[in-house]
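Structure file target-v1.cif (mmCIF, C-alpha atoms and all ligand atoms) follows.
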data_protein
#
loop_
_atom_site.group_PDB
_atom_site.id
_atom_site.type_symbol
_atom_site.label_atom_id
_atom_site.label_comp_id
_atom_site.auth_asym_id
_atom_site.auth_seq_id
_atom_site.Cartn_x
_atom_site.Cartn_y
_atom_site.Cartn_z
ATOM 1 C CA MET E 87 5.809 -4.143 18.253
ATOM 2 C CA ALA E 88 2.610 -5.228 16.421
ATOM 3 C CA GLU E 89 1.637 -8.873 16.908
ATOM 4 C CA LYS E 90 1.422 -9.586 13.192
ATOM 5 C CA SER E 91 4.099 -9.077 10.541
ATOM 6 C CA PRO E 92 4.008 -5.623 8.889
ATOM 7 C CA LEU E 93 4.692 -7.164 5.469
ATOM 8 C CA ILE E 94 2.190 -6.807 2.622
ATOM 9 C CA VAL E 95 3.162 -8.886 -0.409
ATOM 10 C CA ALA E 96 2.248 -7.225 -3.727
ATOM 11 C CA LEU E 97 0.719 -9.823 -6.056
ATOM 12 C CA ASP E 98 1.474 -8.345 -9.468
ATOM 13 C CA PHE E 99 0.845 -11.296 -11.803
ATOM 14 C CA ALA E 100 -0.613 -11.771 -15.275
ATOM 15 C CA VAL E 101 -0.719 -15.573 -15.190
ATOM 16 C CA ARG E 102 -3.239 -17.160 -12.824
ATOM 17 C CA SER E 103 -1.232 -20.364 -12.328
ATOM 18 C CA GLU E 104 1.824 -18.349 -11.229
ATOM 19 C CA LEU E 105 -0.320 -16.471 -8.707
ATOM 20 C CA ASP E 106 -1.893 -19.672 -7.377
ATOM 21 C CA SER E 107 1.461 -21.379 -7.068
ATOM 22 C CA LEU E 108 2.884 -18.494 -5.013
ATOM 23 C CA VAL E 109 -0.178 -18.110 -2.774
ATOM 24 C CA ALA E 110 -0.208 -21.850 -2.038
ATOM 25 C CA LYS E 111 3.268 -21.433 -0.499
ATOM 26 C CA LEU E 112 2.259 -18.501 1.736
ATOM 27 C CA ASP E 113 0.523 -18.420 5.079
ATOM 28 C CA PRO E 114 -1.751 -15.672 6.495
ATOM 29 C CA SER E 115 0.354 -15.606 9.679
ATOM 30 C CA LEU E 116 3.364 -14.441 7.631
ATOM 31 C CA CYS E 117 1.948 -11.510 5.672
ATOM 32 C CA ARG E 118 -1.042 -9.707 4.201
ATOM 33 C CA LEU E 119 -1.565 -9.614 0.435
ATOM 34 C CA LYS E 120 -2.017 -6.734 -2.000
ATOM 35 C CA VAL E 121 -4.210 -6.958 -5.094
ATOM 36 C CA GLY E 122 -3.404 -4.221 -7.583
ATOM 37 C CA LYS E 123 -4.597 -2.999 -10.931
ATOM 38 C CA GLU E 124 -3.137 -5.799 -13.065
ATOM 39 C CA LEU E 125 -4.556 -8.680 -11.035
ATOM 40 C CA PHE E 126 -7.934 -7.034 -10.464
ATOM 41 C CA THR E 127 -8.341 -6.070 -14.135
ATOM 42 C CA LEU E 128 -7.492 -9.578 -15.271
ATOM 43 C CA PHE E 129 -9.359 -11.635 -12.681
ATOM 44 C CA GLY E 130 -11.840 -9.301 -10.965
ATOM 45 C CA PRO E 131 -13.313 -9.447 -7.441
ATOM 46 C CA GLU E 132 -13.231 -13.253 -7.433
ATOM 47 C CA VAL E 133 -9.471 -13.186 -6.960
ATOM 48 C CA VAL E 134 -9.969 -11.128 -3.786
ATOM 49 C CA ARG E 135 -12.622 -13.556 -2.510
ATOM 50 C CA ASP E 136 -10.324 -16.478 -3.237
ATOM 51 C CA LEU E 137 -7.496 -14.953 -1.167
ATOM 52 C CA GLN E 138 -9.943 -14.179 1.643
ATOM 53 C CA ARG E 139 -11.229 -17.783 1.612
ATOM 54 C CA ARG E 140 -7.600 -18.820 2.156
ATOM 55 C CA GLY E 141 -7.556 -16.616 5.257
ATOM 56 C CA PHE E 142 -5.572 -13.629 3.948
ATOM 57 C CA GLU E 143 -6.346 -9.997 4.698
ATOM 58 C CA VAL E 144 -6.334 -8.099 1.397
ATOM 59 C CA PHE E 145 -5.182 -4.562 0.596
ATOM 60 C CA LEU E 146 -7.090 -3.577 -2.569
ATOM 61 C CA ASP E 147 -4.619 -1.184 -4.200
ATOM 62 C CA LEU E 148 -6.691 0.348 -6.996
ATOM 63 C CA LYS E 149 -5.715 3.962 -6.149
ATOM 64 C CA PHE E 150 -9.112 5.451 -6.953
ATOM 65 C CA HIS E 151 -8.868 8.988 -8.389
ATOM 66 C CA ASP E 152 -12.126 10.407 -9.729
ATOM 67 C CA ILE E 153 -14.916 12.833 -8.865
ATOM 68 C CA PRO E 154 -16.185 12.478 -5.264
ATOM 69 C CA ASN E 155 -19.406 10.608 -6.148
ATOM 70 C CA THR E 156 -17.602 7.990 -8.265
ATOM 71 C CA THR E 157 -14.745 7.520 -5.813
ATOM 72 C CA ALA E 158 -17.112 7.152 -2.849
ATOM 73 C CA ALA E 159 -19.105 4.470 -4.711
ATOM 74 C CA ALA E 160 -15.931 2.584 -5.635
ATOM 75 C CA VAL E 161 -14.675 2.644 -2.041
ATOM 76 C CA ALA E 162 -18.071 1.379 -0.808
ATOM 77 C CA ALA E 163 -17.859 -1.452 -3.369
ATOM 78 C CA ALA E 164 -14.429 -2.370 -1.981
ATOM 79 C CA ALA E 165 -15.888 -2.374 1.547
ATOM 80 C CA ASP E 166 -18.693 -4.690 0.353
ATOM 81 C CA LEU E 167 -15.960 -7.028 -0.840
ATOM 82 C CA GLY E 168 -14.644 -7.148 2.733
ATOM 83 C CA VAL E 169 -11.130 -5.932 2.030
ATOM 84 C CA TRP E 170 -8.844 -4.976 4.925
ATOM 85 C CA MET E 171 -7.460 -1.819 3.294
ATOM 86 C CA VAL E 172 -8.306 0.288 0.216
ATOM 87 C CA ASN E 173 -6.823 3.456 -1.222
ATOM 88 C CA VAL E 174 -7.406 6.618 -3.236
ATOM 89 C CA HIS E 175 -5.047 9.281 -4.617
ATOM 90 C CA ALA E 176 -4.597 12.201 -2.214
ATOM 91 C CA SER E 177 -4.260 14.530 -5.216
ATOM 92 C CA GLY E 178 -8.001 13.948 -5.796
ATOM 93 C CA GLY E 179 -8.432 16.530 -3.049
ATOM 94 C CA ARG E 180 -10.279 17.023 0.202
ATOM 95 C CA LYS E 181 -13.829 16.708 -1.180
ATOM 96 C CA MET E 182 -13.000 13.436 -2.891
ATOM 97 C CA MET E 183 -11.285 11.964 0.168
ATOM 98 C CA SER E 184 -14.031 13.124 2.577
ATOM 99 C CA ALA E 185 -16.692 11.591 0.318
ATOM 100 C CA ALA E 186 -14.755 8.322 0.241
ATOM 101 C CA LYS E 187 -14.501 8.295 4.048
ATOM 102 C CA ALA E 188 -18.213 9.106 4.438
ATOM 103 C CA ALA E 189 -19.111 6.200 2.139
ATOM 104 C CA LEU E 190 -17.559 3.835 4.704
ATOM 105 C CA ALA E 191 -19.717 5.023 7.623
ATOM 106 C CA PRO E 192 -22.475 2.411 7.020
ATOM 107 C CA PHE E 193 -19.877 -0.356 7.399
ATOM 108 C CA GLY E 194 -19.074 0.642 10.989
ATOM 109 C CA LYS E 195 -16.325 -1.432 12.567
ATOM 110 C CA ASP E 196 -16.209 -3.648 9.454
ATOM 111 C CA ALA E 197 -15.074 -0.742 7.242
ATOM 112 C CA PRO E 198 -11.676 -1.206 5.611
ATOM 113 C CA LEU E 199 -8.790 1.086 6.440
ATOM 114 C CA LEU E 200 -8.815 3.954 3.943
ATOM 115 C CA ILE E 201 -5.475 5.456 2.956
ATOM 116 C CA ALA E 202 -4.275 7.839 0.235
ATOM 117 C CA VAL E 203 -1.317 7.716 -2.146
ATOM 118 C CA THR E 204 0.911 10.801 -1.896
ATOM 119 C CA VAL E 205 3.866 10.772 -4.342
ATOM 120 C CA LEU E 206 4.538 7.464 -6.116
ATOM 121 C CA THR E 207 7.742 5.801 -4.947
ATOM 122 C CA SER E 208 8.804 5.478 -8.596
ATOM 123 C CA MET E 209 9.224 9.281 -8.787
ATOM 124 C CA GLN E 210 12.179 11.431 -7.790
ATOM 125 C CA SER E 211 11.946 15.057 -6.684
ATOM 126 C CA ASN E 212 13.387 16.229 -9.997
ATOM 127 C CA GLU E 213 10.377 14.819 -11.902
ATOM 128 C CA LEU E 214 7.768 16.709 -9.910
ATOM 129 C CA GLY E 215 8.188 19.965 -11.851
ATOM 130 C CA SER E 216 6.905 18.212 -14.980
ATOM 131 C CA ILE E 217 3.571 17.588 -13.248
ATOM 132 C CA GLY E 218 3.332 21.136 -11.945
ATOM 133 C CA VAL E 219 4.707 20.513 -8.452
ATOM 134 C CA ASN E 220 7.443 23.029 -7.730
ATOM 135 C CA ASP E 221 8.648 21.361 -4.555
ATOM 136 C CA ASP E 222 10.641 18.316 -3.535
ATOM 137 C CA ALA E 223 9.099 14.914 -2.754
ATOM 138 C CA VAL E 224 9.377 15.332 1.027
ATOM 139 C CA SER E 225 7.464 18.631 0.987
ATOM 140 C CA GLN E 226 4.792 17.351 -1.405
ATOM 141 C CA VAL E 227 4.309 14.151 0.598
ATOM 142 C CA GLY E 228 3.985 16.239 3.776
ATOM 143 C CA ARG E 229 1.409 18.525 2.165
ATOM 144 C CA LEU E 230 -0.699 15.607 0.873
ATOM 145 C CA ALA E 231 -0.386 13.668 4.145
ATOM 146 C CA LYS E 232 -1.721 16.643 6.098
ATOM 147 C CA LEU E 233 -4.610 17.012 3.636
ATOM 148 C CA THR E 234 -5.315 13.280 3.995
ATOM 149 C CA ALA E 235 -5.331 13.450 7.800
ATOM 150 C CA ASP E 236 -7.563 16.558 7.724
ATOM 151 C CA SER E 237 -9.963 14.655 5.424
ATOM 152 C CA GLY E 238 -10.357 11.950 8.094
ATOM 153 C CA LEU E 239 -8.530 9.069 6.405
ATOM 154 C CA ASP E 240 -6.473 6.451 8.246
ATOM 155 C CA GLY E 241 -3.090 6.994 6.625
ATOM 156 C CA VAL E 242 -1.012 7.446 3.496
ATOM 157 C CA VAL E 243 1.203 5.596 1.064
ATOM 158 C CA CYS E 244 4.620 7.239 0.889
ATOM 159 C CA SER E 245 8.237 6.144 0.673
ATOM 160 C CA ALA E 246 10.140 5.136 3.799
ATOM 161 C CA GLN E 247 12.441 8.092 3.099
ATOM 162 C CA GLU E 248 9.700 10.510 4.191
ATOM 163 C CA VAL E 249 8.508 8.592 7.242
ATOM 164 C CA SER E 250 10.646 10.075 10.008
ATOM 165 C CA ILE E 251 9.907 13.648 8.877
ATOM 166 C CA LEU E 252 6.181 12.909 8.480
ATOM 167 C CA ARG E 253 5.894 11.493 11.997
ATOM 168 C CA ASP E 254 6.351 15.020 13.412
ATOM 169 C CA GLN E 255 3.551 16.424 11.239
ATOM 170 C CA ILE E 256 0.722 13.912 11.533
ATOM 171 C CA PRO E 257 -1.427 12.304 14.267
ATOM 172 C CA ASP E 258 0.221 9.449 16.224
ATOM 173 C CA ASN E 259 -2.150 6.743 14.986
ATOM 174 C CA PHE E 260 -1.934 7.818 11.318
ATOM 175 C CA LEU E 261 -0.705 4.851 9.248
ATOM 176 C CA LEU E 262 2.362 5.116 7.014
ATOM 177 C CA VAL E 263 2.371 2.395 4.355
ATOM 178 C CA THR E 264 5.608 2.194 2.398
ATOM 179 C CA PRO E 265 6.287 0.484 -0.931
ATOM 180 C CA GLY E 266 9.691 0.880 -2.605
ATOM 181 C CA ILE E 267 11.168 -1.654 -0.166
ATOM 182 C CA ARG E 268 14.305 -3.362 -1.373
ATOM 183 C CA PRO E 269 16.248 -5.898 0.722
ATOM 184 C CA GLU E 270 20.045 -5.553 0.317
ATOM 185 C CA GLY E 271 21.071 -6.798 -3.137
ATOM 186 C CA SER E 272 17.571 -6.680 -4.719
ATOM 187 C CA ALA E 273 17.150 -4.958 -8.073
ATOM 188 C CA LEU E 274 15.514 -1.538 -7.817
ATOM 189 C CA GLY E 275 13.499 -1.977 -11.039
ATOM 190 C CA ASP E 276 11.383 1.159 -11.505
ATOM 191 C CA GLN E 277 11.486 2.159 -7.821
ATOM 192 C CA GLN E 278 13.369 5.373 -6.979
ATOM 193 C CA ARG E 279 12.703 6.343 -3.355
ATOM 194 C CA VAL E 280 13.715 3.092 -1.687
ATOM 195 C CA ALA E 281 14.741 1.667 1.692
ATOM 196 C CA THR E 282 15.588 -1.748 3.090
ATOM 197 C CA PRO E 283 12.993 -3.461 5.322
ATOM 198 C CA SER E 284 15.018 -2.708 8.491
ATOM 199 C CA GLU E 285 15.527 0.927 7.516
ATOM 200 C CA ALA E 286 11.789 1.346 6.846
ATOM 201 C CA ILE E 287 10.801 -0.117 10.216
ATOM 202 C CA SER E 288 13.448 1.815 12.132
ATOM 203 C CA MET E 289 12.264 5.051 10.501
ATOM 204 C CA GLY E 290 8.697 4.319 11.630
ATOM 205 C CA SER E 291 6.811 2.660 8.740
ATOM 206 C CA ASP E 292 3.702 0.779 9.880
ATOM 207 C CA TYR E 293 3.410 -1.531 6.863
ATOM 208 C CA LEU E 294 5.948 -2.481 4.191
ATOM 209 C CA VAL E 295 4.720 -3.320 0.683
ATOM 210 C CA ILE E 296 7.094 -5.711 -1.095
ATOM 211 C CA GLY E 297 6.478 -7.256 -4.498
ATOM 212 C CA ARG E 298 9.166 -8.442 -6.881
ATOM 213 C CA PRO E 299 11.955 -9.008 -4.321
ATOM 214 C CA ILE E 300 9.694 -11.743 -2.868
ATOM 215 C CA THR E 301 7.427 -12.824 -5.726
ATOM 216 C CA ARG E 302 10.163 -13.045 -8.365
ATOM 217 C CA CYS E 303 12.869 -14.655 -6.261
ATOM 218 C CA ALA E 304 13.741 -18.341 -6.514
ATOM 219 C CA ASP E 305 12.320 -19.175 -3.082
ATOM 220 C CA PRO E 306 9.594 -16.639 -2.144
ATOM 221 C CA LEU E 307 8.696 -18.345 1.134
ATOM 222 C CA ALA E 308 12.315 -18.391 2.317
ATOM 223 C CA MET E 309 12.704 -14.711 1.361
ATOM 224 C CA LEU E 310 9.486 -13.756 3.180
ATOM 225 C CA LYS E 311 10.561 -15.635 6.304
ATOM 226 C CA GLN E 312 14.043 -14.106 6.127
ATOM 227 C CA ILE E 313 12.625 -10.556 5.939
ATOM 228 C CA ASN E 314 10.195 -11.266 8.780
ATOM 229 C CA ALA E 315 13.023 -12.677 10.901
ATOM 230 C CA SER E 316 15.192 -9.620 10.188
ATOM 231 C CA LEU E 317 12.365 -7.505 11.617
ATOM 232 C CA GLY E 318 11.837 -9.725 14.654
ATOM 233 C CA TYR E 319 8.715 -11.601 13.438
HETATM 234 O O1 LIG R 1 3.884 4.796 -4.501
HETATM 235 C C1 LIG R 1 3.604 3.594 -4.735
HETATM 236 C C2 LIG R 1 2.323 3.091 -4.639
HETATM 237 C C3 LIG R 1 2.098 1.767 -4.882
HETATM 238 N N1 LIG R 1 3.097 0.935 -5.234
HETATM 239 C C4 LIG R 1 2.777 -0.499 -5.468
HETATM 240 O O2 LIG R 1 3.557 -1.297 -4.579
HETATM 241 C C5 LIG R 1 4.039 -2.457 -5.250
HETATM 242 C C6 LIG R 1 5.538 -2.471 -5.194
HETATM 243 O O3 LIG R 1 6.022 -3.593 -5.883
HETATM 244 P P1 LIG R 1 7.571 -3.895 -6.050
HETATM 245 O O4 LIG R 1 7.585 -5.086 -6.967
HETATM 246 O O5 LIG R 1 8.111 -4.201 -4.682
HETATM 247 O O6 LIG R 1 8.229 -2.710 -6.670
HETATM 248 C C7 LIG R 1 3.473 -2.431 -6.669
HETATM 249 O O7 LIG R 1 2.333 -3.250 -6.690
HETATM 250 C C8 LIG R 1 3.069 -0.974 -6.877
HETATM 251 O O8 LIG R 1 1.906 -0.863 -7.680
HETATM 252 C C9 LIG R 1 4.367 1.430 -5.349
HETATM 253 O O9 LIG R 1 5.313 0.703 -5.702
HETATM 254 N N2 LIG R 1 4.586 2.750 -5.080
#
Have the structure of the file written as structure tokens, please.
Amino acid sequence: MAEKSPLIVALDFAVRSELDSLVAKLDPSLCRLKVGKELFTLFGPEVVRDLQRRGFEVFLDLKFHDIPNTTAAAVAAAADLGVWMVNVHASGGRKMMSAAKAALAPFGKDAPLLIAVTVLTSMQSNELGSIGVNDDAVSQVGRLAKLTADSGLDGVVCSAQEVSILRDQIPDNFLLVTPGIRPEGSALGDQQRVATPSEAISMGSDYLVIGRPITRCADPLAMLKQINASLGY
């Protein structure tokens, strides 16, 4: 078992005071934090620096998806910011992902982990045809995970439902980061391919991304501690 909790709390907030009030209750020994598109668009890199000053490792979840030159520059900018993890969309292709990985070479051991999003956890297999994918989610995730590994990245974002199948297809140290985590009794919201924290860990997820079930519950700290305890942390 890893020494530190595998939980990454997704900070999806529009109101700065609500963010600050939650973060003040958390502790870097309990979780890492994820800054996504909403928070970064509203508050910019300073919000990342603020979380880092408080001792948190930050996953910058901006899911870059652009031509190789632009994506590589964006990933290098994230590395300059000192984030722990950053991501791109695997559907940007091999050239884009390889360029992003190459852009991290100058950062050496200080480079962030670079992972790629496969199929969003808000999508079901039956929606993939509408975006030109004539396969189910498991097959498409497997295809994009292999492409990501071949492009030299550190791992993928997928749902916990694909993890046990993926483990047979990818290198041992390839990271599987799984959102769509819902503790028993939590509302699914827009998530479709879901698992409980214990299911995700027992299937082999390395990191669990959890937002609303923690951030929108009456006592976020108690919920975070309860999930950690259920996983043995
Ligand atoms: O496939 C994906 C990729 C990213 N996410 C992000 O994870 C969190 C999940 O938040 P919840 O409130 O627990 O649903 C959110 O920030 C997404 O942008 C994802 O859900 N699925």
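When the distance limit is 10 Å and only C-alpha atoms are what count, the residues near Gly130 in chain E, minus those fewer than 6 positions from it on the same chain, are Val121, Lys123 and Glu124 of chain E.
Closest approach to Glu89 in chain E among E:Gln312, E:Ser115, E:Asn220, E:Ser103 is made by E:Ser115 (distances from only C-alpha atoms).
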**Prompt:** Using all atoms listed in the file, which of the listed residues (E:Gly238, E:Pro306, E:Gly215, E:Pro131) sits closest to Ala185 in chain E?
**Reply:**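 Checking each candidate against Ala185 in chain E, we get E:Gly238 as the closest.
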**Message:** What does the list of residues within 7 Å of ligand LIG 1 (chain R) look like if you count only C-alpha atoms and all ligand atoms, written as JSON, numbers by chain?
**Reply:** {"E": [96, 97, 98, 122, 203, 205, 206, 207, 208, 243, 244, 245, 265, 266, 267, 275, 276, 277, 295, 296, 297, 298, 299]}
**Prompt:** How would you write, as a PyMOL selection string, the residues chosen by the PyMOL selection byres (((chain E and resi 147) around 8) and not hetatm) on this structure?
**Reply:** chain E and resi 120-123+145-146+148-149+172-173
Go ahead and dump the residues you just picked, C-alpha atoms, as a compact mmCIF listing (two decimals), in the coordinates of the input.
# COMPACT_ATOMS: atom_id res chain seq x y z
CA LYS E 120 -2.02 -6.73 -2.00
CA VAL E 121 -4.21 -6.96 -5.09
CA GLY E 122 -3.40 -4.22 -7.58
CA LYS E 123 -4.60 -3.00 -10.93
CA PHE E 145 -5.18 -4.56 0.60
CA LEU E 146 -7.09 -3.58 -2.57
CA LEU E 148 -6.69 0.35 -7.00
CA LYS E 149 -5.72 3.96 -6.15
CA VAL E 172 -8.31 0.29 0.22
CA ASN E 173 -6.82 3.46 -1.22
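Using only C-alpha atoms, the smallest distance between any of E:Leu119, E:Leu261, E:Val134, E:Val169 and Ile201 in chain E comes from E:Leu261.
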**Prompt:** From the set E:Gly241, E:Leu307, E:Leu252, E:Ser291, which residue has the shortest atom-to-atom contact distance to Thr264 in chain E, counting only C-alpha atoms?
**Reply:**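 Checking each candidate against Thr264 in chain E, we get E:Ser291 as the closest.
Of note, CA of Ala191 in chain E and CA of Ala165 in chain E are spaced 10.3 Å apart.
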**Request:** Provide the CA of Lys181 in chain E to CA of Ala235 in chain E distance in Å, to one decimal place.
**Result:**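 Taking CA of Lys181 in chain E as the start and CA of Ala235 in chain E as the end point, the length is 12.8 Å.
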**Residue nearest Asn259 in chain E among E:Arg302, E:Gly290, E:Ser237, E:Ser316 (counting only C-alpha atoms)** =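 Using only C-alpha atoms, Asn259 in chain E sits closest to E:Gly290.
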**Residues matched by the PyMOL selection byres (((chain E and resi 253) around 12) and not hetatm) as number ranges by chain** = E: 227-228, 231-232, 241-242, 244, 246-252, 254-262, 289-292
**Message:** I need the residue nearest Ala110 in chain E from this list: E:Leu93, E:Phe142, E:Arg135, E:Phe129. Use all atoms listed in the file for the distance.
**Reply:** E:Phe142
**Complete:** In Å and to one decimal, CA of Asp222 in chain E is distant from CA of Gly178 in chain E by 19.3 Å
**Message:** Set the distance at 10 Å and use all atoms listed in the file: which residues neighbour Met183 in chain E once local chain neighbours fewer than 5 positions away are removed? I'd like the list as a PyMOL selection string.
**Reply:** chain E and resi 150-151+153-154+157-158+173-178+188-189+200-202+233-239
**Prompt:** Neighbours of Thr282 in chain E within 8 Å (all atoms listed in the file; same-chain residues fewer than 5 positions away dropped), as a ChimeraX atom specification?
**Reply:** /E:267-270
Because some atoms of range 169-193 of chain E are absent here, can you restore N, CA and C atoms and send them as a PDB file, in the frame of the given file?
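Written file, rebuild.pdb:
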ATOM      1  N   VAL E 169     -12.595  -6.062   1.999  1.00  0.00           N
ATOM      2  CA  VAL E 169     -11.130  -5.932   2.030  1.00  0.00           C
ATOM      3  C   VAL E 169     -10.682  -5.276   3.335  1.00  0.00           C
ATOM      4  N   TRP E 170      -9.428  -5.509   3.680  1.00  0.00           N
ATOM      5  CA  TRP E 170      -8.844  -4.976   4.925  1.00  0.00           C
ATOM      6  C   TRP E 170      -8.427  -3.519   4.760  1.00  0.00           C
ATOM      7  N   MET E 171      -7.959  -3.176   3.540  1.00  0.00           N
ATOM      8  CA  MET E 171      -7.460  -1.819   3.294  1.00  0.00           C
ATOM      9  C   MET E 171      -7.758  -1.471   1.840  1.00  0.00           C
ATOM     10  N   VAL E 172      -8.053  -0.172   1.587  1.00  0.00           N
ATOM     11  CA  VAL E 172      -8.306   0.288   0.216  1.00  0.00           C
ATOM     12  C   VAL E 172      -7.715   1.688   0.108  1.00  0.00           C
ATOM     13  N   ASN E 173      -7.458   2.137  -1.122  1.00  0.00           N
ATOM     14  CA  ASN E 173      -6.823   3.456  -1.222  1.00  0.00           C
ATOM     15  C   ASN E 173      -7.364   4.309  -2.362  1.00  0.00           C
ATOM     16  N   VAL E 174      -7.071   5.614  -2.224  1.00  0.00           N
ATOM     17  CA  VAL E 174      -7.406   6.618  -3.236  1.00  0.00           C
ATOM     18  C   VAL E 174      -6.140   7.447  -3.452  1.00  0.00           C
ATOM     19  N   HIS E 175      -6.168   8.342  -4.440  1.00  0.00           N
ATOM     20  CA  HIS E 175      -5.047   9.281  -4.617  1.00  0.00           C
ATOM     21  C   HIS E 175      -5.332  10.557  -3.838  1.00  0.00           C
ATOM     22  N   ALA E 176      -4.401  10.963  -2.983  1.00  0.00           N
ATOM     23  CA  ALA E 176      -4.597  12.201  -2.214  1.00  0.00           C
ATOM     24  C   ALA E 176      -4.764  13.418  -3.119  1.00  0.00           C
ATOM     25  N   SER E 177      -4.158  13.371  -4.311  1.00  0.00           N
ATOM     26  CA  SER E 177      -4.260  14.530  -5.216  1.00  0.00           C
ATOM     27  C   SER E 177      -5.673  14.703  -5.771  1.00  0.00           C
ATOM     28  N   GLY E 178      -6.579  13.758  -5.469  1.00  0.00           N
ATOM     29  CA  GLY E 178      -8.001  13.948  -5.796  1.00  0.00           C
ATOM     30  C   GLY E 178      -8.641  15.025  -4.942  1.00  0.00           C
ATOM     31  N   GLY E 179      -7.980  15.390  -3.838  1.00  0.00           N
ATOM     32  CA  GLY E 179      -8.432  16.530  -3.049  1.00  0.00           C
ATOM     33  C   GLY E 179      -9.316  16.169  -1.869  1.00  0.00           C
ATOM     34  N   ARG E 180      -9.555  17.211  -1.055  1.00  0.00           N
ATOM     35  CA  ARG E 180     -10.279  17.023   0.202  1.00  0.00           C
ATOM     36  C   ARG E 180     -11.705  16.525  -0.011  1.00  0.00           C
ATOM     37  N   LYS E 181     -12.431  17.122  -0.993  1.00  0.00           N
ATOM     38  CA  LYS E 181     -13.829  16.708  -1.180  1.00  0.00           C
ATOM     39  C   LYS E 181     -13.904  15.236  -1.585  1.00  0.00           C
ATOM     40  N   MET E 182     -12.999  14.832  -2.455  1.00  0.00           N
ATOM     41  CA  MET E 182     -13.000  13.436  -2.891  1.00  0.00           C
ATOM     42  C   MET E 182     -12.689  12.495  -1.715  1.00  0.00           C
ATOM     43  N   MET E 183     -11.662  12.853  -0.946  1.00  0.00           N
ATOM     44  CA  MET E 183     -11.285  11.964   0.168  1.00  0.00           C
ATOM     45  C   MET E 183     -12.367  11.936   1.251  1.00  0.00           C
ATOM     46  N   SER E 184     -12.975  13.098   1.547  1.00  0.00           N
ATOM     47  CA  SER E 184     -14.031  13.124   2.577  1.00  0.00           C
ATOM     48  C   SER E 184     -15.236  12.297   2.124  1.00  0.00           C
ATOM     49  N   ALA E 185     -15.563  12.376   0.829  1.00  0.00           N
ATOM     50  CA  ALA E 185     -16.692  11.591   0.318  1.00  0.00           C
ATOM     51  C   ALA E 185     -16.393  10.094   0.427  1.00  0.00           C
ATOM     52  N   ALA E 186     -15.147   9.734   0.143  1.00  0.00           N
ATOM     53  CA  ALA E 186     -14.755   8.322   0.241  1.00  0.00           C
ATOM     54  C   ALA E 186     -14.874   7.839   1.689  1.00  0.00           C
ATOM     55  N   LYS E 187     -14.418   8.673   2.632  1.00  0.00           N
ATOM     56  CA  LYS E 187     -14.501   8.295   4.048  1.00  0.00           C
ATOM     57  C   LYS E 187     -15.969   8.166   4.484  1.00  0.00           C
ATOM     58  N   ALA E 188     -16.799   9.128   4.046  1.00  0.00           N
ATOM     59  CA  ALA E 188     -18.213   9.106   4.438  1.00  0.00           C
ATOM     60  C   ALA E 188     -18.913   7.850   3.907  1.00  0.00           C
ATOM     61  N   ALA E 189     -18.486   7.386   2.734  1.00  0.00           N
ATOM     62  CA  ALA E 189     -19.111   6.200   2.139  1.00  0.00           C
ATOM     63  C   ALA E 189     -18.872   4.946   2.975  1.00  0.00           C
ATOM     64  N   LEU E 190     -17.874   5.013   3.871  1.00  0.00           N
ATOM     65  CA  LEU E 190     -17.559   3.835   4.704  1.00  0.00           C
ATOM     66  C   LEU E 190     -18.340   3.816   6.014  1.00  0.00           C
ATOM     67  N   ALA E 191     -19.003   4.935   6.334  1.00  0.00           N
ATOM     68  CA  ALA E 191     -19.717   5.023   7.623  1.00  0.00           C
ATOM     69  C   ALA E 191     -20.709   3.870   7.822  1.00  0.00           C
ATOM     70  N   PRO E 192     -21.516   3.500   6.803  1.00  0.00           N
ATOM     71  CA  PRO E 192     -22.475   2.411   7.020  1.00  0.00           C
ATOM     72  C   PRO E 192     -21.832   1.071   7.377  1.00  0.00           C
ATOM     73  N   PHE E 193     -20.538   0.935   7.132  1.00  0.00           N
ATOM     74  CA  PHE E 193     -19.877  -0.356   7.399  1.00  0.00           C
ATOM     75  C   PHE E 193     -19.378  -0.463   8.844  1.00  0.00           C
TER      76      PHE E 193
END
